[in-house]
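Shown next, in structure tokens, is the structure this report addresses.
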Amino acid sequence: MTDAPATPAPAEAPGWWERWVARCSATESATSLALFRIAVGLVTLFTMGSVVTTGLVDVLWVDVAYGGMLPLEGNWLVAGLGGATPTVIWGLVGSSLLGSLLVTLGVGGRPVALVTLLVTTSLVDINGHAGGSYDELLGNAWWLVVLAGGERTLSLTARWRTGQWWPQVPVVAFPRWLGIWQLCLMYGSTGLQKVSAYWVPGGDHSALYYIMQQPTWQRGDMSWVAPLFPLTQVATAVTWWWEVTAPLWILFVWYAHTPDRPGRLRAWSNRLRLRWVYAGIGAAMHLIIFATMEVGPFSPLSMAFYVLLASPAEWERWLRRAPSSS
Amino acid sequence: MRTARALFVALHLFAVSFMALPSPGSGLNRAAWSEPTVQGEFQSWTQILGMVGIELTVPELEEHLWTLGHGYESVREWVLWPFMPYYRHLGTFQSWRMFVAPHRYPGRLQIRVHEDEQWRVVYEARSDEHTWHRAWFDHDRMRASVFRYSWKHYRNSRRRFTDWVARQAAHDFPEADRVEVSWMRYRTPSPQEVTRGASPKVERDLRNRRTLGELR
């Protein structure tokens, strides 16, 4: 009896944890995260700058004992620096503006981004009445900027280190995916909380009409919308379904990222370009909000996250094509 | 390093996703529930529930929601407690209660000063005629404050807001002896009412007055 030829044992497929570790360590070109870094820096300059230029720093963020509107204590950083006095608050405002500028230019890396996160969130959190969900989105955006460390390209740092503005350097990709999930999470969560009878299926879908009539957020009189009520009903239904199903969006982005893998749902999603269908609805919604309502940096900040929906390869293709086609 | 990174990403995803689950938060407030806008919602929901065979009165619905809301919030707080420093210090807080319902009885901030024995409007929200410190009051962060103060249960903050307005008015209107902060309250007209040209009935609400003399 002869021994059968030895056949190599089949390699054991990696388990879910090994696959997760590999996924979290995957790298990609830094372009998308660098564009996100620039967008977040610019939006922060805009929102901080608007408080400064309207003269509201001393009104909203300084304690009543120094002329502000409310008694304010602030977080550990503000308290540690001596409380919400004009000197402390203006120091934080200056730091936030300087940090945002440096991060936009791509100088200082993660340490500067982290300091900017701390001072900016300390400021916007100091008066819980004078802000909204956009402040939470801002904090999350800054933490992603810290995690991404995206100053390795499209930055002064890159220029100094490599002689190029836009070197192709790899970075870990997980912050981009966390950013996409953050976007989906925000929309999905707000959709699930829209339980008003004016929003949900079965109601009269009049939510958007009545929200547009609310004087608090209007840029101007919105009674002209009344004859367009049926349109606002359609927009209400589309918005509600789009928000509630937004967590699926990350799946559509993933399918677009992995087009060669099998699966009918993947092929269907990519054929219908669902990633961009969702992005189109979201962009249209933010454009309408921006045009008709004064809700601070909410729309531009949300759109900063949209930058992450495109892979670095797609951004590089679009950006390199842009100058030659003009 | 790779394992630590993967663990961190997993924990981050759990922390932000769990925190983003719907929560009534500050909306779990009996005073806020007594507002006409919220009562209107309860009314609509008892009708919707009635259509699917669940017969409840508004007080019964309120009681069920109150109990359910408190139970849910307790569990949520218990799960989120270990992550609180992460939310608080690194900007990862999740609160996405945005336009969850239209305010059917909104308030329009109005500020008046008393001069020469009569009241004069100096600021009214969204007015192009009464524009005192419009740059301040029209800023999104001030709008957020003013919106909150238009709810009854923000009584203390509304008083402080009035105190602050009084200090500005004492400086800007040397002839005035009093200032008044109030909200002009009305039911938002339906599309049909707007098309018909019907004007809503407006009532002054949440009025606070201050004497200016001692502030100068």
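Ordered as shown in the structure tokens, chains take letters A, B, and onward, while each chain numbers its residues from 1 and ligands are numbered from 1 in the order shown.
Look at Arg160 in chain B: the protein and nucleic acid residues within 10 Å of it, using only C-alpha atoms and passing over chain neighbours fewer than 5 places away, are A:Val64, A:Met69, A:Leu70, A:Pro71, B:Arg155, B:Val165, B:Ala166.
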When you look at Met212 in chain A with a cut-off of 8 Å (counting only C-alpha atoms), what residues show up, excluding the ones that are within fewer than 3 positions of it in the same chain? I need them as a PyMOL selection string. chain A and resi 208-209+215+217-218+222+292-293
Take the residues just selected and output them with N, CA and C atoms as a PDB file, in the first residue's frame.
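As a result, again-v5.pdb now contains:
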```
ATOM      1  N   LEU A 208     -43.048  69.851   6.128  1.00  0.00           N
ATOM      2  CA  LEU A 208     -42.134  70.837   5.531  1.00  0.00           C
ATOM      3  C   LEU A 208     -42.825  72.177   5.304  1.00  0.00           C
ATOM      4  N   TYR A 209     -44.099  72.124   4.901  1.00  0.00           N
ATOM      5  CA  TYR A 209     -44.815  73.385   4.706  1.00  0.00           C
ATOM      6  C   TYR A 209     -44.818  74.188   6.011  1.00  0.00           C
ATOM      7  N   PRO A 215     -41.250  81.216  12.007  1.00  0.00           N
ATOM      8  CA  PRO A 215     -40.434  82.422  11.856  1.00  0.00           C
ATOM      9  C   PRO A 215     -39.012  82.285  12.395  1.00  0.00           C
ATOM     10  N   TRP A 217     -36.579  80.221  11.955  1.00  0.00           N
ATOM     11  CA  TRP A 217     -35.459  79.877  11.070  1.00  0.00           C
ATOM     12  C   TRP A 217     -35.560  80.504   9.685  1.00  0.00           C
ATOM     13  N   GLN A 218     -36.656  81.177   9.397  1.00  0.00           N
ATOM     14  CA  GLN A 218     -36.844  81.718   8.046  1.00  0.00           C
ATOM     15  C   GLN A 218     -35.802  82.775   7.686  1.00  0.00           C
ATOM     16  N   MET A 222     -42.234  83.173   3.934  1.00  0.00           N
ATOM     17  CA  MET A 222     -42.343  81.960   3.133  1.00  0.00           C
ATOM     18  C   MET A 222     -43.793  81.626   2.792  1.00  0.00           C
ATOM     19  N   THR A 292     -33.406  78.892   2.057  1.00  0.00           N
ATOM     20  CA  THR A 292     -34.624  79.403   2.696  1.00  0.00           C
ATOM     21  C   THR A 292     -34.517  79.592   4.210  1.00  0.00           C
ATOM     22  N   MET A 293     -33.546  78.933   4.847  1.00  0.00           N
ATOM     23  CA  MET A 293     -33.495  78.977   6.307  1.00  0.00           C
ATOM     24  C   MET A 293     -32.117  79.371   6.821  1.00  0.00           C
TER      25      MET A 293
END
```
Next item on the list: Identify all chain A residues at most 6 Å from chain B by counting only C-alpha atoms; ligands do not count. Present them as a list of chain:residue names.
Entry: A:Val21, A:Cys24, A:Met69, A:His129, A:Ala130, A:Gly131, A:Ser133, A:Glu136, A:Gly139, A:Asn140, A:Ser189, A:Thr190, A:Gln193, A:Lys194, A:Ser196, A:Ala207, A:Tyr210, A:Ile211, A:Ala226, A:Glu294, A:Val295, A:Gly296
Who sits within 12 Å of Met285 in chain A, only C-alpha atoms, same chain under 6 positions skipped, as a short mmCIF file (atom, residue, chain, number, x, y, z; two decimals) with N, CA and C atoms, in the first residue's frame:
```
data_model
loop_
_atom_site.label_atom_id
_atom_site.label_comp_id
_atom_site.auth_asym_id
_atom_site.auth_seq_id
_atom_site.Cartn_x
_atom_site.Cartn_y
_atom_site.Cartn_z
N TYR A 187 -28.54 61.31 9.58
CA TYR A 187 -29.81 61.34 8.84
C TYR A 187 -30.77 60.27 9.35
N LEU A 208 -43.05 69.85 6.13
CA LEU A 208 -42.13 70.84 5.53
C LEU A 208 -42.83 72.18 5.30
N THR A 232 -44.71 70.46 -1.51
CA THR A 232 -44.08 70.30 -0.18
C THR A 232 -44.48 68.97 0.46
N ALA A 235 -42.20 66.50 -1.07
CA ALA A 235 -40.86 66.71 -0.49
C ALA A 235 -40.80 66.16 0.94
N THR A 236 -41.91 66.31 1.69
CA THR A 236 -41.95 65.77 3.06
C THR A 236 -41.81 64.25 3.04
N VAL A 238 -40.57 62.34 0.62
CA VAL A 238 -39.23 61.95 0.13
C VAL A 238 -38.20 62.13 1.24
N THR A 239 -38.27 63.27 1.93
CA THR A 239 -37.29 63.54 2.99
C THR A 239 -37.38 62.48 4.08
N TRP A 240 -38.60 62.16 4.51
CA TRP A 240 -38.76 61.19 5.62
C TRP A 240 -38.20 59.82 5.22
N TRP A 242 -36.12 59.10 2.81
CA TRP A 242 -34.67 59.22 2.55
C TRP A 242 -33.90 59.19 3.87
N GLU A 243 -34.38 59.91 4.86
CA GLU A 243 -33.67 59.94 6.15
C GLU A 243 -33.74 58.59 6.86
N TYR A 278 -28.73 58.90 -3.55
CA TYR A 278 -28.87 59.37 -2.17
C TYR A 278 -28.16 60.71 -1.98
N ALA A 279 -26.97 60.82 -2.57
CA ALA A 279 -26.21 62.07 -2.44
C ALA A 279 -26.97 63.22 -3.11
N ALA A 291 -30.94 77.93 1.19
CA ALA A 291 -31.55 79.08 0.50
C ALA A 291 -32.69 79.70 1.30
N THR A 292 -33.41 78.89 2.06
CA THR A 292 -34.62 79.40 2.70
C THR A 292 -34.52 79.59 4.21
N MET A 293 -33.55 78.93 4.85
CA MET A 293 -33.50 78.98 6.31
C MET A 293 -32.12 79.37 6.82
N PHE A 298 -25.05 74.32 9.28
CA PHE A 298 -25.54 72.95 9.14
C PHE A 298 -25.36 72.40 7.72
N SER A 299 -25.82 73.16 6.72
CA SER A 299 -25.74 72.64 5.35
C SER A 299 -24.31 72.53 4.85
N PRO A 300 -23.49 73.60 4.95
CA PRO A 300 -22.11 73.43 4.46
C PRO A 300 -21.33 72.35 5.21
N SER A 302 -22.60 69.62 6.65
CA SER A 302 -23.07 68.31 6.16
C SER A 302 -22.44 68.01 4.81
N MET A 303 -22.39 69.02 3.95
CA MET A 303 -21.82 68.80 2.61
C MET A 303 -20.34 68.47 2.68
#
```
- Measure the distance from CA of Gly99 in chain A to CA of Val146 in chain A in Å and round it to one decimal.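 Computing the Euclidean distance for CA of Gly99 in chain A and CA of Val146 in chain A yields 12.1 Å.
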message = Which residue is closest to Trp119 in chain B? Choose from B:Trp66, B:Leu206, B:Pro36, B:Ala176 and count only C-alpha atoms.
response =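 Looking only at the distances to Trp119 in chain B, the closest residue turns out to be B:Ala176.
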For this session: Enumerate, as a PyMOL selection string, the complete set of residues in range 78-254 of chain A that a backbone-based DSSP assignment places in alpha helix (DSSP H).
Result: chain A and resi 78-81+86-105+109-126+133-148+156-162+174-192+207-212+229-244+249-254
Which of range 42-172 of chain B fall in strand (DSSP E or B), as a list in words
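Answer for range 42-172 of chain B, restricted to strand (DSSP E or B): Gly107, Arg108, Leu109, Gln110, Ile111, Arg112, Val113, His114, Glu115, Gln118, Trp119, Arg120, Val121, Val122, Tyr123, Glu124 and Thr131 of chain B.
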Here CA of Ala32 in chain B and CA of Val51 in chain A stand apart by 29.6 Å
Pick out the residues sitting within 7 Å of Asn208 in chain B, and hand them over as a PDB file with N, CA and C atoms, in the first residue's frame; count only C-alpha atoms, and ignore anything fewer than 4 positions along from it in its own chain.
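Output file selection_37.pdb is given in full below:
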```
ATOM      1  N   THR B 162     -34.289  88.781  29.223  1.00  0.00           N
ATOM      2  CA  THR B 162     -34.928  90.100  29.349  1.00  0.00           C
ATOM      3  C   THR B 162     -34.000  91.066  30.087  1.00  0.00           C
ATOM      4  N   GLU B 180     -39.914  96.010  27.164  1.00  0.00           N
ATOM      5  CA  GLU B 180     -40.759  94.809  27.249  1.00  0.00           C
ATOM      6  C   GLU B 180     -40.283  93.795  26.209  1.00  0.00           C
ATOM      7  N   VAL B 181     -40.155  92.554  26.648  1.00  0.00           N
ATOM      8  CA  VAL B 181     -39.824  91.444  25.747  1.00  0.00           C
ATOM      9  C   VAL B 181     -41.022  90.505  25.739  1.00  0.00           C
ATOM     10  N   SER B 182     -41.493  90.163  24.559  1.00  0.00           N
ATOM     11  CA  SER B 182     -42.630  89.221  24.491  1.00  0.00           C
ATOM     12  C   SER B 182     -42.555  88.448  23.181  1.00  0.00           C
TER      13      SER B 182
END
```
